[in-house]
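The next block holds one structure in the form of structure tokens; read it before the comments.
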Amino acid sequence: MPRGTDSVGVTGSGERNLKLIREALGVAVSSRDGEILVRGDEPAIGVARRVLEEVSKRAKAGRPVSREEMLDLIAAESVRTRRDRMGGRQAWDGRLRVYAAGQPVEPKTDNQRLYLDAIRDHDLTFAFGPAGTGKTYLAVAAAVHLLREGAASRVILCRPAVEAGEKLGFLPGGLEEKVNPYLRPLLDALHDMMDFRDLKRFLESDIVEVVPLAFMRGRTLNGAVIILDEAQNTTKGQMKMFLTRMGHGSKMIVTGDTTQIDLPDPAQSGLIDAVRRLRRVAGVATVALSGEDVVRHRLVQRIVEAYGAEEEHRAYRESVERALSEMGDEDRNGAVSPGEI
């Protein structure tokens, strides 16, 4: 390790960089007498060594890395190493290695199966459908699976902080307490599928992040699975901002319900606009789920059907249908007609 000022550029202020390596890779790291000692599994040690070599080069050039750059380096090198180790083996053979309450998480309907296949085979997947169809749950399950299989080194879950038809006013507490109600459904899904200690460690080390959409601005996310939930409540600008966060080796999953748009003008929904613009772009999949895919209490499906049969706001319905009308059958995977959405 270079001595003097460069050593701080390698270890980071307060050994921040070493702490990030320790938490992200699960290795023991210590710095003493101009050397860095790493103990742990051989693949993780290799990743740590190559990351530190790159950080050292940048420090010598007078370009110390930021916290975000350090996380990106670890993510990119981890993905590269894991892919090399896997050779031609697929990280996903069609079955999720994720369990909730001791039972495997798996698709219950044909459209849900198409949804998981789309996530596996595409870097960007849009999924829209009514409540209870498993859009968010299956997306989180896929992300946890890819993290465990080594095909991704980080999972980022985000939502727009939009109130659902009622004004909550000023929420008490610090930032975490203010945004927690919006992010709770994503945390609940993670708690179902991950051991509490592992999840706590991953959250503390930012291997798993659950953040408001606004916090995504300015970031580039490499080697990650990035999920945007409740995307129908994004504006067109927010959706563009989110989609351009994708880095090397990443997957994005965008989910939403076009019948529950809480924006003043539903036609301005970023989800509808993005599906219309990107439906023919290579590497992008669009999956539409319907009431038949509802897997919650049997009454939920009847409720969805009842509300779908008699939409209260004709202007809203027409704006959604107009935005989706250009989508032909060949542009969808498991899609239903605009009139059914």
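Numbering starts fresh at 1 for the residues of each chain in the structure tokens, the chains themselves are lettered A, B, ... in the order given, and ligands are numbered from 1 as they appear.
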
For this session: Identify, on the basis of only C-alpha atoms, every residue whose closest approach to Ile207 in chain A does not exceed 9 Å; exclude the query and any residue fewer than 6 positions from it along the same chain; express the result as a PyMOL selection string.
Result: chain A and resi 23-24+71+153-156+201

Exercise. Which neighbours of range 98-108 of chain A fall inside 6 Å, counting only C-alpha atoms, when residues of the same chain fewer than 6 positions from it are skipped, and could you give them as a list in words?
Worked result: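 Listed by chain and then number, they are His145, Asp192 and Met193 of chain A.
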
I need the residues from that last selection saved to file as a compact mmCIF listing (two decimals), in the first residue's frame (with N, CA and C atoms), if you can.
```txt
# COMPACT_ATOMS: atom_id res chain seq x y z
N HIS A 145 -32.89 -14.14 -5.47
CA HIS A 145 -32.30 -15.31 -6.11
C HIS A 145 -31.00 -14.94 -6.82
N ASP A 192 -39.81 -11.66 4.33
CA ASP A 192 -40.36 -12.99 4.07
C ASP A 192 -39.30 -13.94 3.53
N MET A 193 -38.36 -13.42 2.77
CA MET A 193 -37.47 -14.28 1.98
C MET A 193 -36.03 -14.37 2.50
```

Problem set entry | Long-range neighbours of range 242-244 of chain A as a list in words, 10 Å cut-off, only C-alpha atoms, 5 positions minimum in chain |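 In the requested form, the answer reads Leu124, Cys158, Leu213, Ala214, Phe215, Met216, Arg217, Gly218, Arg219, Thr220, Leu221, Ile226, Ile227, Leu228, Thr234, Lys236, Gly237, Met252, Ile253, Val254 and Ala274 of chain A.
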
Exercise. Hey, what's within 12 Å of Gly12 in chain A if we count only C-alpha atoms and toss same-chain stuff fewer than 4 positions away? As a list in words, please?
Worked result: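 Returned residues: Thr5, Asp6, Ser7, Val8, Arg16, Asn17, Leu18, Lys19, Leu20, Ile21, Ser31, Leu52, Val55, Ser56, Ala59, Arg63, Pro64, Val65, Ser66, Arg67, Glu69 and Met70 of chain A.
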
For this session: Would you mind telling me which residue in A:Leu25, A:Val210, A:Leu187, A:Leu96 lies nearest to Arg120 in chain A when using only C-alpha atoms?
Result: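 Ranked by minimum distance to Arg120 in chain A, first place goes to A:Leu96.
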
Exercise. What separation in Å, quoted to one decimal, exists between CA of Asn233 in chain A and CA of Ser269 in chain A?
Worked result: 6.1 Å

For this session: From the DSSP assignment of the backbone, select every residue of range 96-242 of chain A that is helix (DSSP H, G or I), and format the answer as a ChimeraX atom specification.
Result: /A:110-121,135-149,175-193,196-204,213-216,231-233,236-242

For this session: Run DSSP on the backbone of this structure and report the residues of range 103-260 of chain A it assigns to strand (DSSP E), as a PyMOL selection string.
Result: chain A and resi 103-104+124-128+154-159+208-212+224-228+251-256

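Reported to one decimal place, the separation of CA of Arg148 in chain A from CA of Arg50 in chain A is 21.7 Å.
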
Exercise. A:Val281, A:Val38, A:Ala131, A:Leu114: which is nearest Arg302 in chain A, counting only C-alpha atoms?
Worked result: A:Ala131

Exercise. Any idea what the distance is between CA of Glu15 in chain A and CA of Met1 in chain A?
Worked result: 13.2 Å

Problem set entry | From A:Ala139, A:Ala76, A:Ala189, A:Ala118, residue lying nearest Ala152 in chain A [only C-alpha atoms] |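 Smallest distance to Ala152 in chain A is found for A:Ala76.
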